[in-house]
Structure formats: structure tokens, C-alpha cells
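Report on the following structure.
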Amino acid sequence: MTQGDTVLRLEGVRRTYRRGDTGVDALAELDLEVRAGEWVAIVGPSGCGQSTLLNIASAVDRPDAGRAVVCGVDLARATERELVRLRRESIGVVFQAFHLVPNLTALENVDLPLALAGRGDAARARDLLERVGLGHRLHHHPGELSGGEEQRVAVARALVHRPRLVVADEPTGNLDSTSGERVVALLDELRRSEGAALVLATHDERIAARAERVVHVRDGRIEVGA
Amino acid sequence: MTDASRSAHDAARALRDLALVLRPVLARPGRLVASVLGVAVGVAAVVSTLAGSGAAVSSLGEDVEMLAGPSVLEVRGPGGVPTAALEPLRPLCDEVLLVPVVEDTVLVAASDRRVRVLGLDLLADRRLVEAGVRTGAAIDDAAGARELLFGTGVLVPSGLAEELGAVKGGSLELTIHSRRSDVAVVDVFDPGRLASPWADTLVADVDTARELFDRGERFDRVEFVPREAATSGVEALRERARGLLAGTAFERLRVEPPSTRRAEGERMVSALRFNLAALSGVSMLVGVALVATTLATSVVQRRERLALMRSLGASRLQLGLGVLGEAATIGLVGGAVGVARGSIGADLAVAGVRGAAFSIAPRATGTEVRFESWWIGLGLALGLGSATLAALLPLREAASVPPIQGLRSERPRPLRARGHAIAWSAAFALLAIAAVLLQLPPIGRRPVYALTATVVVMGACVATTPSVLDAASRLRVGGAVVLRLAQAGLSSSLGRASWATGAVAIAVGLAIAMTTFVGSFRRTITEWTEDALSADVLVRSSSVDGMRPEAARAIAAAATAGDVAFYRESPAWFGDATIRLGGSDFGVMAAHSRTPMVAGGATRDVFARALREQGVIVNEPFARQFDRWVGDDVTIEAADGVLAARVVGVAREYAGQEGRVYVDAARYAELVPDPTVASIALFLPEGADAGEQRERMARAVPADSDAAVVLRRELITEVMSIFDRSFAVTVALQILASIAAALAVVTVLGALVRERRFDLAVVRVVGATRRQVTALVLGEAFVLGAVGAAIGATMGVAIGWILVAVVNVQSHGWSLSFVPPWVALCWTAAAVVPACLVAGLPPAYEATARVPREVLRENG
């Protein structure tokens, strides 16, 4: 893979949700391209379509019109099985609310994507947890971790299967600034070492400023920098 | 505002409040209907069982005093009252009318209808008129009067006449002493009010009745009806009557109020009614489980709304009251529906319990069910009570909901060591309480404490559920990630998962307990019938009062091989208790009987010793009820004398729960003048043709007799088929309990899936397939089912043992062999887990039908 490969290509993507009798365009004719290893920050006000964009990028949603290709897979044409495979092998996701599986240990949570694919690798999970500074918390459950620690586990989980694209939706939204800074630094460091692109949605201008490219979304369209 | 408009306003407000309370449960009408029906089924089972068993045996209870009319005392003896006993009592005539009565039960031929025949002094007895019975012109009509007083005429109540097709001037065929007898219908009378016991009573002259029932020179009792000018009180009369009988040949007769007879009758059937009520109470448990899961699920679904309410100022009490309001509504509606269904089902219940009632109380007639207003109160109280009980768990759930801010940061709380210790301490404490309860004696013959112990054992097993489930969810079984996720899912919702596991455990436990009890009982009966029914050919009467001696002799004489033993039986008194005194040829029994003995030695030795030492053999219910065992002395008052003898053997017996004392035929004949034969046993030598002897004896049965001649094998088959029919109801209860368990699994898993929708969506986002999510939910169902089945099996065997070894002994006086239900346990393992997997399919579908993006959008 080279820096020039495209991991996400959105062309004229439209996504409409129905609210009662009316349709609301979450994304309208949106174009975006993210190259391998690139860090793109998505910035915009609430309700701008940011989450819909990330859902499509993480292959849990499909556009109503336009073309969305993630890691070489055209979402409109992909079967359910292909989408699952795409998520398993090529995409990592970090949520604002962490969404670790309660009552699985930190180690089990990180290993989960590999285990679901039938190739669990506790050594790899352990290595990543040590790299995010949680080598001493391997067997702790989410309820026993701080918010910052939970998000670091989530970062490790997003990268454990060596994805080509990591999608992070407000990963610092539930954290204090110090923890947030640390999580973003780790995310950047790990995705660089693993060679993954990062699409990160944030309201924090300081974090956005650290990205290689900032994309502003408003009313479902790219405003600047696309 | 006027009073009227204020009332209207209040009513509208109450309706609005009710609608608000009901809105959450109305949102899921299917589940609401299931809950209401669950309560209704339980209430209907209890109401119909109580009403049905009450109707089946009412002739022994309240009817006694209603038929007694104005009489204040009655003279009774174990074999009746000799007619000559009226003579010493004659000085009482200045105060009372001495009214002789003969009362018995007959079968109407060509139907299995049992009716009471009451023989009264129709010229002197005022009770018919006082009871509102209008006899029309029968007594005034010369021909009718002649038939009534000197022939075999009877008065028939109008409802019964219509049912039996009897008309004035016609006849009615009755089966008395196994022989068909025609009686003339002199008149049809109006029995007065609908619920009158007269509606099931044929009225005859006392001498007609004496003749019909072969009473000889005896009445069944002599009643004292005070004259208008009487001045003595009841107690003074009683003392005077005792004084008059003292020193005569009749001094053993007793003078008692009619209420004593009523109390005897009710005592006889109280254990049956109690046990039936306890059995029907099982179905109430099912209703409780359904309401509990419905309400609990409804609370889980509304946690966010409830949390928001708390943030806006609602107190825990207000949330709790909302849940209680829902429960009360379900309970009241279910109770009302249950009463309506129960009153319909009571007729069926009468038919169901009639056989059991008649085996315990052969003189019971079995009446139509009469609607009683107390059923409404009972039904509503049961519905409300069960629903409120079921609301305890949801109340706890509702009260634990934090304000919305807390809900967002709420984390699952794992069960720590202290939680495990509390669960097991509670279980052991409950088991200790159960052990103490099992040591307590029954109340009357009602095993109240032992049955309470079964509920306590159930509680002990359920108390361990969270701990066992937590241990199961920590168990590492290989690398299957979906099973690990399933375990983690259950572990994170341990409280709710415990409900479903508890429901499965209770259903499995009840099923295994019933199977254990019925299986042990059946095995015991099978072994007992093989030994106890040792006669090769048996002749018996279908009527309760046996065969006339001449018919019995004719049948017995037809046998050309083997030894014949006649069995006779009559009521007798042991202290204040009524028992049965049986007489058979101990010489023949010593040679052939194989009736198993509880104590006393080998069967044939026991009979030989009894014959040699003039001893008696008692049955196990007698020995247990009166604590008389081998070596103890007993004194029995019979019709013509007192038997004082030593117990030489205790026979195992399951034919009835009445105490029986057996003496040799010769001694019996001295004690009881009634020569009626209850049954004839023919013991054949090796190689004799039983079929041929049966044919010979059957041909000798008089044309007017309904005596039946059966082979041993046929009798055993019949006994077992009656047994299986009697316990068919337990299968229905098992099905009900299983449905409740399946619904609990569906509702609780559904709630868990909805509650964990974010976790499941995340699992899909990180790469799980739909199949894996389905397997995950089914994995949870598997763990719930497996843990529930394991706890339920333990519970079932324990409760089954209590039913076999304690409840049954206390209630019936029967000792049964405890047969561990290995087959049932295997079936449980084979059936419960797959059933839970099937129950997990709807929640699994729900989990995979949710689109991850929609779930994630919900969470921002």
C-alpha cells in the first residue's frame, strides 16, 4: 500500500432520512476522498451530517444516491457478507461513548474483532494495550476503568486487526482535556505505526488543527478543504 | 362547582389517571392479555377446584344440618339404632318428638347419578314443610299414601325428576346392594330454593327405606325435634337421654347434635379439599410468574422514561405506585375473568374430583355446583394478591432507577463475593426453615407445614439463581467468542437474567416434582396391586353398599376350584372417630394372601397369628392416624358389640385413606349383624383356569344384580387406568408451567436485547455477522435454560421427595417408595435447553433486525 492509495471515496453521496412525512437530507451531494495513511478531521455543527458521513465511512450505512467506495468496496453493490468482511478486516471504529462490552475484560474487548473473525490473538491485543499504557489493566472490566482508560482500550480495539481506515466519532467528547489529548496522541501514533488512515469527527478546533486536512461539513455538504 | 359536576370531574380525573397508569401495559396488548389470562387461569383453577370439590362432598357438610331441620339432637350408634332403643327414650316424648331416620345413597340405574334417599316418618315429621318442600296432594291421595307408607313409593324433587325422566305415577330403577329395585314415584315435589339439599334427595317413609336398605330392626339415627311446649334446653335434654339409656342394652349409643355429624363429614374430606386447593395453587404460581415478567419487562423498557421522571422530581414512591397500579389492574381484571371461568369450570371440576371424593366418602352424593357470592371475593383477592406479589420484583427494579443523569453513567454491577455469600446464606437459611417445617405434624390431616416447606425449598433454590448464573457466566469453555459474549451479556444484566432463570427453574422444578411424586406413587401402586390383589377372580358390586348375601353365596357356589373368601365391611367407631371394620376369612388369607405388610412380619404369618391370637390387622392410614402399631391394643365399637384386640400386623393399603381394622370373618359376624358382602375373592390352585371360573361365576350372578366378576389382571389394569386418569391433571399443570417459563425467557431475553442494543450494535460494527449475533442471543438462552434446568432439577427432586415422604404420609397415611426421576431428568436436559433456544429466537430476530446505524444514531 502506498500513500497515494484511496481508502475512502465518496462521490455525490446523498443520504435522506424520513422524519414523519418529510425527508431530511443528512448528506447532500457530498464528495470526499481520503488517502491511505491520511488523517482527516471532520468539523461541523451538530446535525450537519457528520455522524451519517462516519456511518457510511465505517460501512454501517449506505448512501441513497451517489457512490461510496470504502477500501475498494463499493457499498451500494456489496452484499451483507462483504460489508461484514470489510468491517472485520479493513475498518476500525472509535466511539464517543467508548462502547466497550461490559463484563468482557480490557484484553477480551481489544481481541474481540479478531475473535469474531475466528483468529483471536491475545498476544497482539496485549501488545496494543501495553502500547496505550494499559499493560497493568489487562484483566480489568470497563466498569473498573476511568473514562480515559476506557477510550484507550477502544483505540486499541480499533487498531487490533490492522485496519486500513480508522473512523473516530468525537473520541474526546466524553473526556477531560488532558485525557482527550492523550487519546488523540495515541490514536495518531498507533495509526501511523500501523499505516492506517484516520477520519476523525470533532468539535474541538485544537484537535482538528493537528490533522493533515480539515473538512468542514454544513447542511450535509463539504464547505472547505474537500 | 356543584356536587354533581365535582363528581363528574373526579370520575373523569380518575379515568385519566387510570389510563395513564395503564398506558405502558396497554402499549403491549399481547403481553397484557397473556398476564391477565395467566392470573385468570390460576384464579379459575382455585375457584373451580374449591367449588367443585365442595359440591362433590357437600352432602357430608352443610347439607347435614339443612336436612336435619328442626332437630336439636340425634341418637346414633356404629351400626345404627335398634328400633327397640325407642322404648327407653319414650319418657322424652313430653318434650320432643322422637323421629327415626334412615339415610343412604343409591345409584340410579342406567346412569351414574348418585342420589340421597331420606327415610322419614312422613306423618309426624314437619321438616319437609319447614324446609319449604311442598309435597302436593301425595299424602291426601289414598293410593299415593298407601304406596308411600306401605309400598315402595318415593317423592322425587322436580329437578331430579326432570333429569331422570321420572313422572308422577311412574317408577324409578335404583341400584341398592348391587341389586336393581324399582320404586314408585308417588309425587314430584318442589324442593324450594335452588340451593336446597332437598334437590338431590328422594324422600321415602322410614320403613320403606329400612326395607330398601336391609336395615332390619335398625334406624340410622333417631332425631329429637322439640315440641312447641318444650322447656328443657338442649344440654338438659341430652343429659336426660343419656340417663335413660344408661344401664340398658343401648348405653353405647351416643346423643349428639347434628353438627357433630357435619363435623365428621367435613373432617373426612377436608384433607382432599386442602390437597386439591394446594394443587390448583400451583397454577396461581404460573400466573404470578407471568405477571412478574410482564411488569418487570415493562419497567425495563421504560427505564429511560422513569429516569427522566426522577430527574423531573418524581419520587421512588411515585414510581412504585405506578407499578402497583398496573399490577392491581391486571390482578383485578384477571381475578374477575377467573371467577367467571371458574364458575364454568366448576362443573368439570366436580366430575374430575368426584371419583376421588367418593373413594374417600362413599356416602357422598355429589351435587350440582351452586354459584356462591364469596367466589367473587376470593377470585378478586387471589388476583390482586398474586399480582401484588408478582409486582415485588418490578417494584425493586423501578425503585432502583436513578435520575437520567445517573442512568447515562450507570454501569453493570458484577456479583461480588459478598453477593454470593448472601445468596447462599439465604438459601441455607431457607433450607433450615424447611427442615424445621418438615418436623411439624399436620393440622388435622392437612399437611400445611410440609406444603409450606415445598414453597420454602423453592425459594431456597431460586435464591441461589444469581450466584449460579454468575458462576456459569464466568465459566471458560473453550474459545467460542459468541458464547463468551453471551456469558458477558448475562453477567452484565445478572438481576434480570436471574428472573428468567428462576422462572425456568420453577417450571422445571414443578414438572420434576410432579413427575417424581406421580412416578413414585405409580411404582408403589404397581408393586402393591401385583401383591395385594392376589385373588385370581374377584366379584364386586358397583353400588357402594355391597351385595346381598344370597346373591354372594350363589356366585361363590358357582366356583368349582380354589378357596373363596367373603369380605364384609361396615362403619365402626374408634374413640370419637369413624373408621371401617372389615371382616374376611383369615384362614383363607393365611393360605393365599400376599398383601404387603408395613409391620408385623410376613403376610401369611400375620394372618395366621391374627387367627390364632384373635388379633386384628390394621391398615397403614389407621396406624399412622391413631398411632397404633403392632403390639398395641385397640377397642372398636361395632353395631353389635365392642372389639378389644391387639394389633398383630399393619397392612400397606392404598385403596383409601380411611382407617380400617380387619378381623376374622367369624368375629366380624358377632360384631356386625349386617350380612351384606362387599366383595368375594377366589384363590385358585396352580394351573387352574381362572377364565373358566370367571365364566361360571358370572353366569351365577342374579339377573337383578349388578355384581361384576373380574380377573386379577383386568382389575390391576383398571386400577392403573384409574390412577393415570386421576393424575392427568398434573400434565396440564406441567404444560402451564412450561408455557410460563417459555414466556419468561422470551420476555426477559427481549428486554435484555433491547437494553443492550448499543452493545449488540457495537459488536456488529466491529465485525460480527447477523449469524454471530443470533448465536450470541441464543447462547444467552442456552445459559439461561441450562442453569434454570440444573437448579430446577435439584428443586424438583427435593420437592418431589417432600411430597412422597412427608406430604403424602401426613395427608393420606400412605408410605410410598421414593423413585428418583432419572428418566424425567434426562428428558428435562433433552427438552428444556432446546425449548429455551426456541424461546430465544424472537429476541434473536429482534437483535439482528436492528440496523446498527439506527442504534448508534440513538446514542448520538
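Naming works like this for the C-alpha cells: A, B, ... for the chains as they're shown, residue 1 at the start of each chain, ligands 1 onward in shown order.
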**Request:** May I have the residues within 8 Å of Val101 in chain A as a count of residues only, using only C-alpha atoms and disregarding those fewer than 5 positions away in the same chain?
**Result:** 4
**Request:** For chain B, report every residue with an atom at most 7 Å from chain A (counting only C-alpha atoms), formatted as number ranges by chain.
**Result:** B: 411, 481, 488, 491-492, 759, 762, 765-769, 852-853
**Prompt:** range 616-681 of chain B: which residues are strand (DSSP E) by DSSP, as a VMD selection string?
**Reply:** chain B and resid 616 to 619 633 to 638 641 to 651 660 to 664 679 to 681
Would you mind exporting the chosen residues as a PDB file, in the first residue's frame, restricted to C-alpha atoms?
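part.pdb was written with the following content:
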```
ATOM      1  CA  VAL B 616     -56.587 -57.610  64.363  1.00  0.00           C
ATOM      2  CA  ILE B 617     -54.742 -56.255  61.380  1.00  0.00           C
ATOM      3  CA  VAL B 618     -54.937 -52.515  60.772  1.00  0.00           C
ATOM      4  CA  ASN B 619     -54.145 -50.619  57.615  1.00  0.00           C
ATOM      5  CA  ASP B 633     -54.367 -52.706  71.889  1.00  0.00           C
ATOM      6  CA  VAL B 634     -57.387 -51.223  70.147  1.00  0.00           C
ATOM      7  CA  THR B 635     -61.031 -51.012  71.200  1.00  0.00           C
ATOM      8  CA  ILE B 636     -63.552 -50.773  68.375  1.00  0.00           C
ATOM      9  CA  GLU B 637     -67.262 -50.135  68.830  1.00  0.00           C
ATOM     10  CA  ALA B 638     -69.286 -52.018  66.226  1.00  0.00           C
ATOM     11  CA  GLY B 641     -70.563 -55.223  70.352  1.00  0.00           C
ATOM     12  CA  VAL B 642     -67.174 -53.944  71.313  1.00  0.00           C
ATOM     13  CA  LEU B 643     -63.995 -55.450  69.941  1.00  0.00           C
ATOM     14  CA  ALA B 644     -60.932 -55.243  72.159  1.00  0.00           C
ATOM     15  CA  ALA B 645     -57.911 -56.815  70.497  1.00  0.00           C
ATOM     16  CA  ARG B 646     -54.215 -56.499  69.882  1.00  0.00           C
ATOM     17  CA  VAL B 647     -52.749 -55.292  66.609  1.00  0.00           C
ATOM     18  CA  VAL B 648     -50.686 -58.107  65.043  1.00  0.00           C
ATOM     19  CA  GLY B 649     -49.991 -56.541  61.663  1.00  0.00           C
ATOM     20  CA  VAL B 650     -50.080 -53.265  59.757  1.00  0.00           C
ATOM     21  CA  ALA B 651     -51.073 -53.728  56.131  1.00  0.00           C
ATOM     22  CA  ARG B 660     -59.505 -49.850  58.564  1.00  0.00           C
ATOM     23  CA  VAL B 661     -59.358 -52.631  61.115  1.00  0.00           C
ATOM     24  CA  TYR B 662     -59.596 -56.215  59.862  1.00  0.00           C
ATOM     25  CA  VAL B 663     -60.845 -59.152  61.908  1.00  0.00           C
ATOM     26  CA  ASP B 664     -61.551 -62.741  61.075  1.00  0.00           C
ATOM     27  CA  SER B 679     -66.582 -58.457  47.653  1.00  0.00           C
ATOM     28  CA  ILE B 680     -65.688 -62.099  47.024  1.00  0.00           C
ATOM     29  CA  ALA B 681     -62.150 -63.300  46.373  1.00  0.00           C
TER      30      ALA B 681
END
```
**Request:** For Phe219 in chain B, work out the shell of residues within 8 Å, counting only C-alpha atoms and skipping chain neighbours fewer than 3 positions away, then give it as a ChimeraX atom specification.
**Result:** /B:80-83,100-102,210,215,222
**Prompt:** Pick the closest to Ala76 in chain A from A:Val34, A:Thr178, A:Leu198, A:Leu10: which is it, counting only C-alpha atoms?
**Reply:** A:Leu10
